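Have a look at structure.pdb; it's PDB, C-alpha atoms and all ligand atoms:
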```
ATOM      1  CA  MET A   1       0.000   0.000   0.000  1.00  0.00           C
ATOM      2  CA  LEU A   2       0.945   3.633  -0.432  1.00  0.00           C
ATOM      3  CA  ILE A   3       0.075   6.111   2.340  1.00  0.00           C
ATOM      4  CA  LEU A   4       0.172   9.785   1.343  1.00  0.00           C
ATOM      5  CA  PHE A   5       0.268  12.436   4.053  1.00  0.00           C
ATOM      6  CA  ASP A   6      -0.813  16.039   3.678  1.00  0.00           C
ATOM      7  CA  ILE A   7       1.501  18.419   5.568  1.00  0.00           C
ATOM      8  CA  ASP A   8      -0.244  21.535   6.958  1.00  0.00           C
ATOM      9  CA  GLY A   9      -3.016  20.765   9.434  1.00  0.00           C
ATOM     10  CA  THR A  10      -2.328  17.030   9.181  1.00  0.00           C
ATOM     11  CA  LEU A  11       1.293  16.309  10.157  1.00  0.00           C
ATOM     12  CA  LEU A  12       2.028  19.737  11.595  1.00  0.00           C
ATOM     13  CA  ARG A  13       1.085  23.342  12.156  1.00  0.00           C
ATOM     14  CA  THR A  14       3.284  26.358  11.465  1.00  0.00           C
ATOM     15  CA  GLU A  15       0.979  28.969  13.066  1.00  0.00           C
ATOM     16  CA  GLY A  16       0.898  31.040   9.892  1.00  0.00           C
ATOM     17  CA  ALA A  17       4.638  30.984   9.135  1.00  0.00           C
ATOM     18  CA  GLY A  18       4.002  30.038   5.499  1.00  0.00           C
ATOM     19  CA  MET A  19       1.474  32.796   4.889  1.00  0.00           C
ATOM     20  CA  SER A  20       3.676  35.381   6.650  1.00  0.00           C
ATOM     21  CA  ALA A  21       6.652  34.380   4.509  1.00  0.00           C
ATOM     22  CA  MET A  22       4.553  34.592   1.325  1.00  0.00           C
ATOM     23  CA  LEU A  23       3.360  38.087   2.211  1.00  0.00           C
ATOM     24  CA  ALA A  24       6.878  39.220   3.116  1.00  0.00           C
ATOM     25  CA  THR A  25       8.138  37.879  -0.222  1.00  0.00           C
ATOM     26  CA  ALA A  26       5.407  39.658  -2.181  1.00  0.00           C
ATOM     27  CA  HIS A  27       6.036  42.974  -0.406  1.00  0.00           C
ATOM     28  CA  GLU A  28       9.776  42.649  -0.938  1.00  0.00           C
ATOM     29  CA  LEU A  29       9.354  42.070  -4.677  1.00  0.00           C
ATOM     30  CA  PHE A  30       6.689  44.760  -5.146  1.00  0.00           C
ATOM     31  CA  PRO A  31       7.132  47.342  -2.383  1.00  0.00           C
ATOM     32  CA  THR A  32       4.572  49.768  -3.822  1.00  0.00           C
ATOM     33  CA  LYS A  33       1.761  47.183  -3.947  1.00  0.00           C
ATOM     34  CA  THR A  34      -0.542  45.998  -1.189  1.00  0.00           C
ATOM     35  CA  PHE A  35      -0.982  42.253  -0.688  1.00  0.00           C
ATOM     36  CA  SER A  36      -3.423  40.369   1.491  1.00  0.00           C
ATOM     37  CA  PHE A  37      -4.918  36.883   1.769  1.00  0.00           C
ATOM     38  CA  ASP A  38      -8.389  38.371   2.338  1.00  0.00           C
ATOM     39  CA  GLY A  39     -10.818  36.558   0.076  1.00  0.00           C
ATOM     40  CA  ILE A  40      -8.212  34.061  -1.130  1.00  0.00           C
ATOM     41  CA  SER A  41      -8.975  30.406  -0.525  1.00  0.00           C
ATOM     42  CA  ILE A  42      -5.949  28.701   1.065  1.00  0.00           C
ATOM     43  CA  SER A  43      -7.244  25.435   2.442  1.00  0.00           C
ATOM     44  CA  GLY A  44      -6.134  22.400   0.448  1.00  0.00           C
ATOM     45  CA  ARG A  45      -5.048  24.464  -2.570  1.00  0.00           C
ATOM     46  CA  LEU A  46      -1.649  24.386  -4.229  1.00  0.00           C
ATOM     47  CA  ASP A  47       0.863  27.128  -3.406  1.00  0.00           C
ATOM     48  CA  ARG A  48       1.235  28.183  -7.031  1.00  0.00           C
ATOM     49  CA  LEU A  49      -2.489  28.938  -7.293  1.00  0.00           C
ATOM     50  CA  ILE A  50      -2.456  30.792  -3.977  1.00  0.00           C
ATOM     51  CA  TRP A  51       0.526  32.800  -5.290  1.00  0.00           C
ATOM     52  CA  ARG A  52      -1.375  33.595  -8.510  1.00  0.00           C
ATOM     53  CA  ASP A  53      -4.396  34.871  -6.548  1.00  0.00           C
ATOM     54  CA  LEU A  54      -2.138  36.930  -4.276  1.00  0.00           C
ATOM     55  CA  MET A  55      -0.454  38.611  -7.257  1.00  0.00           C
ATOM     56  CA  THR A  56      -3.678  39.245  -9.162  1.00  0.00           C
ATOM     57  CA  ARG A  57      -5.426  40.789  -6.160  1.00  0.00           C
ATOM     58  CA  GLY A  58      -2.344  42.931  -5.495  1.00  0.00           C
ATOM     59  CA  GLY A  59      -2.427  44.275  -9.055  1.00  0.00           C
ATOM     60  CA  VAL A  60       0.548  42.291 -10.393  1.00  0.00           C
ATOM     61  CA  GLU A  61       0.283  40.204 -13.541  1.00  0.00           C
ATOM     62  CA  PRO A  62       1.361  36.693 -12.468  1.00  0.00           C
ATOM     63  CA  THR A  63       4.008  35.660 -15.009  1.00  0.00           C
ATOM     64  CA  ASN A  64       6.202  32.558 -14.920  1.00  0.00           C
ATOM     65  CA  GLU A  65       9.280  34.761 -14.498  1.00  0.00           C
ATOM     66  CA  ILE A  66       7.836  36.390 -11.384  1.00  0.00           C
ATOM     67  CA  HIS A  67       6.788  32.984 -10.093  1.00  0.00           C
ATOM     68  CA  GLU A  68      10.316  31.606 -10.327  1.00  0.00           C
ATOM     69  CA  VAL A  69      11.714  34.502  -8.302  1.00  0.00           C
ATOM     70  CA  PHE A  70       8.839  34.402  -5.824  1.00  0.00           C
ATOM     71  CA  ARG A  71       9.201  30.653  -5.300  1.00  0.00           C
ATOM     72  CA  GLU A  72      12.887  30.919  -4.421  1.00  0.00           C
ATOM     73  CA  ASN A  73      12.552  34.045  -2.272  1.00  0.00           C
ATOM     74  CA  TYR A  74       9.581  32.548  -0.417  1.00  0.00           C
ATOM     75  CA  GLY A  75      11.790  29.608   0.545  1.00  0.00           C
ATOM     76  CA  ALA A  76      14.442  31.993   1.852  1.00  0.00           C
ATOM     77  CA  HIS A  77      11.872  33.985   3.859  1.00  0.00           C
ATOM     78  CA  LEU A  78      10.384  30.837   5.354  1.00  0.00           C
ATOM     79  CA  ARG A  79      13.820  29.536   6.305  1.00  0.00           C
ATOM     80  CA  ARG A  80      14.696  32.878   7.873  1.00  0.00           C
ATOM     81  CA  GLY A  81      11.406  32.886   9.791  1.00  0.00           C
ATOM     82  CA  PHE A  82      12.155  29.458  11.245  1.00  0.00           C
ATOM     83  CA  SER A  83      15.628  30.600  12.258  1.00  0.00           C
ATOM     84  CA  GLN A  84      14.055  33.557  14.099  1.00  0.00           C
ATOM     85  CA  ASN A  85      10.593  33.363  15.682  1.00  0.00           C
ATOM     86  CA  SER A  86       8.516  30.979  13.550  1.00  0.00           C
ATOM     87  CA  ARG A  87       7.874  27.458  14.770  1.00  0.00           C
ATOM     88  CA  ALA A  88       6.520  24.269  13.228  1.00  0.00           C
ATOM     89  CA  HIS A  89       4.852  21.834  15.625  1.00  0.00           C
ATOM     90  CA  ALA A  90       4.138  18.188  14.899  1.00  0.00           C
ATOM     91  CA  LEU A  91       0.490  17.407  15.654  1.00  0.00           C
ATOM     92  CA  ALA A  92      -0.278  14.873  18.364  1.00  0.00           C
ATOM     93  CA  GLY A  93       0.219  11.302  17.179  1.00  0.00           C
ATOM     94  CA  ALA A  94       1.618  12.273  13.773  1.00  0.00           C
ATOM     95  CA  GLN A  95       5.180  11.162  14.497  1.00  0.00           C
ATOM     96  CA  GLU A  96       3.959   7.937  16.107  1.00  0.00           C
ATOM     97  CA  LEU A  97       1.703   7.133  13.145  1.00  0.00           C
ATOM     98  CA  VAL A  98       4.486   7.774  10.623  1.00  0.00           C
ATOM     99  CA  ASP A  99       6.886   5.613  12.658  1.00  0.00           C
ATOM    100  CA  ALA A 100       4.351   2.789  13.032  1.00  0.00           C
ATOM    101  CA  LEU A 101       3.570   2.731   9.297  1.00  0.00           C
ATOM    102  CA  HIS A 102       7.217   3.104   8.304  1.00  0.00           C
ATOM    103  CA  ALA A 103       8.041   0.027  10.393  1.00  0.00           C
ATOM    104  CA  GLN A 104       5.537  -2.097   8.433  1.00  0.00           C
ATOM    105  CA  SER A 105       6.924  -3.981   5.481  1.00  0.00           C
ATOM    106  CA  GLY A 106       4.927  -3.543   2.298  1.00  0.00           C
ATOM    107  CA  LEU A 107       3.849   0.010   3.079  1.00  0.00           C
ATOM    108  CA  GLY A 108       5.248   2.963   1.138  1.00  0.00           C
ATOM    109  CA  LEU A 109       4.896   6.489   2.525  1.00  0.00           C
ATOM    110  CA  GLY A 110       4.809   9.839   0.797  1.00  0.00           C
ATOM    111  CA  LEU A 111       3.869  13.479   1.149  1.00  0.00           C
ATOM    112  CA  LEU A 112       0.981  14.794  -0.956  1.00  0.00           C
ATOM    113  CA  THR A 113       0.846  18.507  -0.403  1.00  0.00           C
ATOM    114  CA  GLY A 114       0.047  21.936  -1.768  1.00  0.00           C
ATOM    115  CA  ASN A 115       3.499  23.076  -0.634  1.00  0.00           C
ATOM    116  CA  TYR A 116       6.349  23.610  -3.041  1.00  0.00           C
ATOM    117  CA  GLU A 117       8.952  20.883  -2.631  1.00  0.00           C
ATOM    118  CA  HIS A 118      11.585  23.059  -0.951  1.00  0.00           C
ATOM    119  CA  THR A 119       9.167  24.686   1.511  1.00  0.00           C
ATOM    120  CA  GLY A 120       7.312  21.427   2.182  1.00  0.00           C
ATOM    121  CA  ARG A 121      10.543  19.653   3.072  1.00  0.00           C
ATOM    122  CA  LEU A 122      11.574  22.592   5.253  1.00  0.00           C
ATOM    123  CA  LYS A 123       8.302  22.566   7.234  1.00  0.00           C
ATOM    124  CA  VAL A 124       8.461  18.804   7.792  1.00  0.00           C
ATOM    125  CA  GLU A 125      12.043  18.964   9.035  1.00  0.00           C
ATOM    126  CA  GLN A 126      11.336  21.996  11.213  1.00  0.00           C
ATOM    127  CA  ALA A 127       8.522  20.069  12.919  1.00  0.00           C
ATOM    128  CA  GLY A 128      11.050  17.382  13.842  1.00  0.00           C
ATOM    129  CA  PHE A 129      10.194  14.701  11.269  1.00  0.00           C
ATOM    130  CA  SER A 130      12.779  12.843   9.258  1.00  0.00           C
ATOM    131  CA  LEU A 131      12.169  13.051   5.513  1.00  0.00           C
ATOM    132  CA  GLU A 132      13.543   9.563   5.062  1.00  0.00           C
ATOM    133  CA  PRO A 133      10.224   7.664   5.436  1.00  0.00           C
ATOM    134  CA  PHE A 134       8.585   9.824   2.728  1.00  0.00           C
ATOM    135  CA  GLN A 135       9.853   8.321  -0.515  1.00  0.00           C
ATOM    136  CA  HIS A 136       6.919   8.828  -2.922  1.00  0.00           C
ATOM    137  CA  ASN A 137       5.920  12.493  -2.902  1.00  0.00           C
ATOM    138  CA  ALA A 138       3.820  14.940  -4.902  1.00  0.00           C
ATOM    139  CA  TRP A 139       4.153  18.708  -4.495  1.00  0.00           C
ATOM    140  CA  ALA A 140       2.593  21.991  -5.624  1.00  0.00           C
ATOM    141  CA  ASP A 141       5.065  21.943  -8.512  1.00  0.00           C
ATOM    142  CA  ASP A 142       3.481  18.749  -9.856  1.00  0.00           C
ATOM    143  CA  GLY A 143       0.070  20.009 -10.945  1.00  0.00           C
ATOM    144  CA  ASP A 144      -2.527  22.751 -11.092  1.00  0.00           C
ATOM    145  CA  HIS A 145      -5.059  21.020  -8.865  1.00  0.00           C
ATOM    146  CA  ARG A 146      -4.800  18.612  -5.964  1.00  0.00           C
ATOM    147  CA  ARG A 147      -6.609  15.983  -8.054  1.00  0.00           C
ATOM    148  CA  GLU A 148      -3.506  15.802 -10.264  1.00  0.00           C
ATOM    149  CA  LEU A 149      -1.214  14.881  -7.364  1.00  0.00           C
ATOM    150  CA  PRO A 150      -2.132  11.268  -6.416  1.00  0.00           C
ATOM    151  CA  PRO A 151      -1.250   9.946  -9.906  1.00  0.00           C
ATOM    152  CA  VAL A 152       2.137  11.732  -9.646  1.00  0.00           C
ATOM    153  CA  ALA A 153       2.911  10.096  -6.284  1.00  0.00           C
ATOM    154  CA  MET A 154       1.777   6.721  -7.659  1.00  0.00           C
ATOM    155  CA  GLN A 155       3.948   7.123 -10.739  1.00  0.00           C
ATOM    156  CA  ARG A 156       6.959   7.815  -8.517  1.00  0.00           C
ATOM    157  CA  TYR A 157       6.097   4.771  -6.404  1.00  0.00           C
ATOM    158  CA  ASN A 158       5.814   2.594  -9.513  1.00  0.00           C
ATOM    159  CA  GLU A 159       9.162   3.776 -10.861  1.00  0.00           C
ATOM    160  CA  LYS A 160      10.963   3.309  -7.567  1.00  0.00           C
ATOM    161  CA  MET A 161       9.385  -0.023  -6.638  1.00  0.00           C
ATOM    162  CA  GLY A 162       9.321  -1.489 -10.140  1.00  0.00           C
ATOM    163  CA  ARG A 163       5.676  -2.502  -9.859  1.00  0.00           C
ATOM    164  CA  ASP A 164       2.360  -0.745 -10.460  1.00  0.00           C
ATOM    165  CA  ILE A 165       0.200   0.000  -7.445  1.00  0.00           C
ATOM    166  CA  ASP A 166      -3.577  -0.138  -7.787  1.00  0.00           C
ATOM    167  CA  THR A 167      -5.458   3.050  -6.840  1.00  0.00           C
ATOM    168  CA  SER A 168      -7.475   1.076  -4.271  1.00  0.00           C
ATOM    169  CA  ARG A 169      -4.207   0.410  -2.404  1.00  0.00           C
ATOM    170  CA  VAL A 170      -3.494   4.122  -1.974  1.00  0.00           C
ATOM    171  CA  ILE A 171      -4.657   6.103   1.082  1.00  0.00           C
ATOM    172  CA  VAL A 172      -4.586   9.901   1.307  1.00  0.00           C
ATOM    173  CA  ILE A 173      -4.537  11.390   4.828  1.00  0.00           C
ATOM    174  CA  GLY A 174      -5.516  15.055   5.012  1.00  0.00           C
ATOM    175  CA  ASP A 175      -7.409  17.748   6.866  1.00  0.00           C
ATOM    176  CA  THR A 176      -9.474  19.393   4.108  1.00  0.00           C
ATOM    177  CA  PRO A 177     -12.368  18.460   1.799  1.00  0.00           C
ATOM    178  CA  LEU A 178      -9.917  18.779  -1.127  1.00  0.00           C
ATOM    179  CA  ASP A 179      -7.731  16.018   0.380  1.00  0.00           C
ATOM    180  CA  VAL A 180     -10.747  13.703   0.455  1.00  0.00           C
ATOM    181  CA  ASP A 181     -11.761  14.838  -3.038  1.00  0.00           C
ATOM    182  CA  CYS A 182      -8.327  14.202  -4.584  1.00  0.00           C
ATOM    183  CA  ALA A 183      -8.328  10.685  -3.124  1.00  0.00           C
ATOM    184  CA  HIS A 184     -11.818   9.702  -4.252  1.00  0.00           C
ATOM    185  CA  PHE A 185     -11.467  11.364  -7.667  1.00  0.00           C
ATOM    186  CA  ASN A 186      -8.558   8.987  -8.303  1.00  0.00           C
ATOM    187  CA  GLY A 187     -10.163   5.874  -6.802  1.00  0.00           C
ATOM    188  CA  CYS A 188      -8.011   6.046  -3.640  1.00  0.00           C
ATOM    189  CA  LEU A 189      -9.123   5.846  -0.019  1.00  0.00           C
ATOM    190  CA  ALA A 190      -9.299   8.936   2.195  1.00  0.00           C
ATOM    191  CA  ILE A 191      -8.643   9.423   5.889  1.00  0.00           C
ATOM    192  CA  ALA A 192      -9.888  12.826   7.031  1.00  0.00           C
ATOM    193  CA  VAL A 193      -8.419  14.318  10.176  1.00  0.00           C
ATOM    194  CA  ALA A 194     -10.086  17.302  11.863  1.00  0.00           C
ATOM    195  CA  THR A 195      -6.931  19.018  13.123  1.00  0.00           C
ATOM    196  CA  GLY A 196      -6.945  21.745  10.477  1.00  0.00           C
ATOM    197  CA  ASN A 197      -9.538  24.437   9.751  1.00  0.00           C
ATOM    198  CA  HIS A 198     -12.370  22.034   8.953  1.00  0.00           C
ATOM    199  CA  PRO A 199     -14.483  20.653  11.803  1.00  0.00           C
ATOM    200  CA  ILE A 200     -15.332  16.987  11.934  1.00  0.00           C
ATOM    201  CA  ALA A 201     -19.002  17.606  11.014  1.00  0.00           C
ATOM    202  CA  GLU A 202     -17.960  19.385   7.808  1.00  0.00           C
ATOM    203  CA  LEU A 203     -15.464  16.682   6.827  1.00  0.00           C
ATOM    204  CA  GLU A 204     -18.120  14.038   7.428  1.00  0.00           C
ATOM    205  CA  THR A 205     -20.253  15.477   4.606  1.00  0.00           C
ATOM    206  CA  HIS A 206     -17.425  14.599   2.178  1.00  0.00           C
ATOM    207  CA  ASN A 207     -17.661  10.904   3.085  1.00  0.00           C
ATOM    208  CA  PRO A 208     -14.057  10.012   3.931  1.00  0.00           C
ATOM    209  CA  ASP A 209     -13.404   6.298   4.353  1.00  0.00           C
ATOM    210  CA  LEU A 210     -12.169   6.976   7.871  1.00  0.00           C
ATOM    211  CA  LEU A 211     -12.845  10.153   9.851  1.00  0.00           C
ATOM    212  CA  VAL A 212     -10.861  10.991  12.980  1.00  0.00           C
ATOM    213  CA  SER A 213     -10.676  14.011  15.268  1.00  0.00           C
ATOM    214  CA  GLY A 214      -6.860  13.813  15.255  1.00  0.00           C
ATOM    215  CA  LEU A 215      -3.935  11.455  14.794  1.00  0.00           C
ATOM    216  CA  ASP A 216      -3.530  11.053  18.563  1.00  0.00           C
ATOM    217  CA  ASP A 217      -5.325   7.690  18.411  1.00  0.00           C
ATOM    218  CA  TRP A 218      -2.609   6.579  15.990  1.00  0.00           C
ATOM    219  CA  GLN A 219      -2.792   2.882  16.956  1.00  0.00           C
ATOM    220  CA  ARG A 220      -6.405   2.715  15.758  1.00  0.00           C
ATOM    221  CA  ILE A 221      -5.540   4.486  12.505  1.00  0.00           C
ATOM    222  CA  ALA A 222      -2.495   2.274  11.900  1.00  0.00           C
ATOM    223  CA  SER A 223      -4.549  -0.874  12.464  1.00  0.00           C
ATOM    224  CA  TRP A 224      -7.341   0.415  10.178  1.00  0.00           C
ATOM    225  CA  ILE A 225      -4.708   0.899   7.455  1.00  0.00           C
ATOM    226  CA  THR A 226      -2.889  -2.396   7.945  1.00  0.00           C
ATOM    227  CA  SER A 227      -6.137  -4.381   8.059  1.00  0.00           C
ATOM    228  CA  ARG A 228      -7.132  -3.204   4.556  1.00  0.00           C
TER     229      ARG A 228
HETATM  230 MG    MG B 301      -3.680  20.514   4.961  1.00  0.00          MG
END
```
Let's see the structure in the file written out as structure tokens.
Amino acid sequence: MLILFDIDGTLLRTEGAGMSAMLATAHELFPTKTFSFDGISISGRLDRLIWRDLMTRGGVEPTNEIHEVFRENYGAHLRRGFSQNSRAHALAGAQELVDALHAQSGLGLGLLTGNYEHTGRLKVEQAGFSLEPFQHNAWADDGDHRRELPPVAMQRYNEKMGRDIDTSRVIVIGDTPLDVDCAHFNGCLAIAVATGNHPIAELETHNPDLLVSGLDDWQRIASWITSR
């Protein structure tokens, strides 16, 4: 099986460090413009689309050239924030669940996230996780919509493992309706975890295959996965 973890709101929280670093990057590049996340949907979306909305609403035409500079500078701002006052915290049970699944033979793990690769890796490390268990990843750079990411992670799994995994053997763990949607759209299973901005009652309406209030009951989640 292949288990794909969302980052923000699922494995960890950064208490707004990512958004602060994005705003700082935008203001640095365009000091005469005003940028804000007001009215921009963040939850479960890919960083490149969030960037595009931020630019457009700030009156900047979002070109590929600007995106390349923004992407790199955003990484530098985020890294600087973590070296100063920003913190990333692993959510309760997340480390234990990753460790328990990583110890199982026959299970592959990956990150499936709206973060860019460099900032996603940075957040995960800052929260105290090793990146080593996560071998089959899909990032914001890999698509325009979250629905495009599970096939990318599966393709990487297939190439690395030398065998094709069936979609029904893939589980996406995430905290937003779009995590559930990207799993089911691709024929994968979804575990929804209500540790992000979406309460359990809202997630329930999206019919995840398993719905939990958090990863703190990680033994139950690990046994649900390994009994599939
Ligand atoms: Mg999330």
Min atom-atom distance to ligand MG 301 (chain B) from the set A:Val69, A:Ile171, A:Ala192, A:Met154, counting all atoms listed in the file, belongs to A:Ala192
Considering only C-alpha atoms and all ligand atoms, can you say which of A:Val193, A:Ala88, A:Leu109, A:Val152 comes closest to ligand MG 301 (chain B)?
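Checking each candidate against ligand MG 301 (chain B), we get A:Val193 as the closest.
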As a quick test: using all atoms listed in the file, which residues lie no more than 6 Å away from ligand MG 301 (chain B)? Give them as a PDB file with C-alpha atoms, in the frame of the given file.
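Generated output (selection.pdb):
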```pdb
ATOM      1  CA  ASP A   6      -0.813  16.039   3.678  1.00  0.00           C
ATOM      2  CA  ILE A   7       1.501  18.419   5.568  1.00  0.00           C
ATOM      3  CA  ASP A   8      -0.244  21.535   6.958  1.00  0.00           C
ATOM      4  CA  GLY A   9      -3.016  20.765   9.434  1.00  0.00           C
ATOM      5  CA  THR A  10      -2.328  17.030   9.181  1.00  0.00           C
ATOM      6  CA  GLY A  44      -6.134  22.400   0.448  1.00  0.00           C
ATOM      7  CA  GLY A 174      -5.516  15.055   5.012  1.00  0.00           C
ATOM      8  CA  ASP A 175      -7.409  17.748   6.866  1.00  0.00           C
ATOM      9  CA  THR A 176      -9.474  19.393   4.108  1.00  0.00           C
TER      10      THR A 176
END
```
Selection result of the PyMOL selection byres (((chain A and resi 66) around 12) and not hetatm) on this file, as a list in words:
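Selection result, ordered by chain and number: Thr25, Ala26, Leu29, Phe30, Arg48, Trp51, Arg52, Met55, Val60, Glu61, Pro62, Thr63, Asn64, Glu65, His67, Glu68, Val69, Phe70, Arg71, Glu72, Asn73 and Tyr74 of chain A.
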Keeping only C-alpha atoms, write those residues as a compact mmCIF listing (two decimals), in the frame of the given file.
```txt
# COMPACT_ATOMS: atom_id res chain seq x y z
CA THR A 25 8.14 37.88 -0.22
CA ALA A 26 5.41 39.66 -2.18
CA LEU A 29 9.35 42.07 -4.68
CA PHE A 30 6.69 44.76 -5.15
CA ARG A 48 1.24 28.18 -7.03
CA TRP A 51 0.53 32.80 -5.29
CA ARG A 52 -1.38 33.60 -8.51
CA MET A 55 -0.45 38.61 -7.26
CA VAL A 60 0.55 42.29 -10.39
CA GLU A 61 0.28 40.20 -13.54
CA PRO A 62 1.36 36.69 -12.47
CA THR A 63 4.01 35.66 -15.01
CA ASN A 64 6.20 32.56 -14.92
CA GLU A 65 9.28 34.76 -14.50
CA HIS A 67 6.79 32.98 -10.09
CA GLU A 68 10.32 31.61 -10.33
CA VAL A 69 11.71 34.50 -8.30
CA PHE A 70 8.84 34.40 -5.82
CA ARG A 71 9.20 30.65 -5.30
CA GLU A 72 12.89 30.92 -4.42
CA ASN A 73 12.55 34.04 -2.27
CA TYR A 74 9.58 32.55 -0.42
```
Top pick for closest residue to Ser83 of chain A, considering A:His118, A:Glu96, A:Asp144, A:Ala17 and counting all atoms listed in the file:
A:Ala17
With distances taken over only C-alpha atoms, the candidate from A:Ser213, A:Ser86, A:Thr205, A:Gln126 nearest Ala21 of chain A is A:Ser86
Among the residues A:Ile225, A:Ile191, A:Ile42, A:Leu2, the one that comes closest to Gly106 of chain A [using only C-alpha atoms]
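Checking each of A:Ile225, A:Ile191, A:Ile42, A:Leu2 against Gly106 of chain A, counting only C-alpha atoms, the winner is A:Leu2.
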Go ahead and compute the interatomic distance for atom CA of Ser41 of chain A and atom CA of Thr119 of chain A, in Å to one decimal.
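Value for the atom CA of Ser41 of chain A-atom CA of Thr119 of chain A distance: 19.1 Å.
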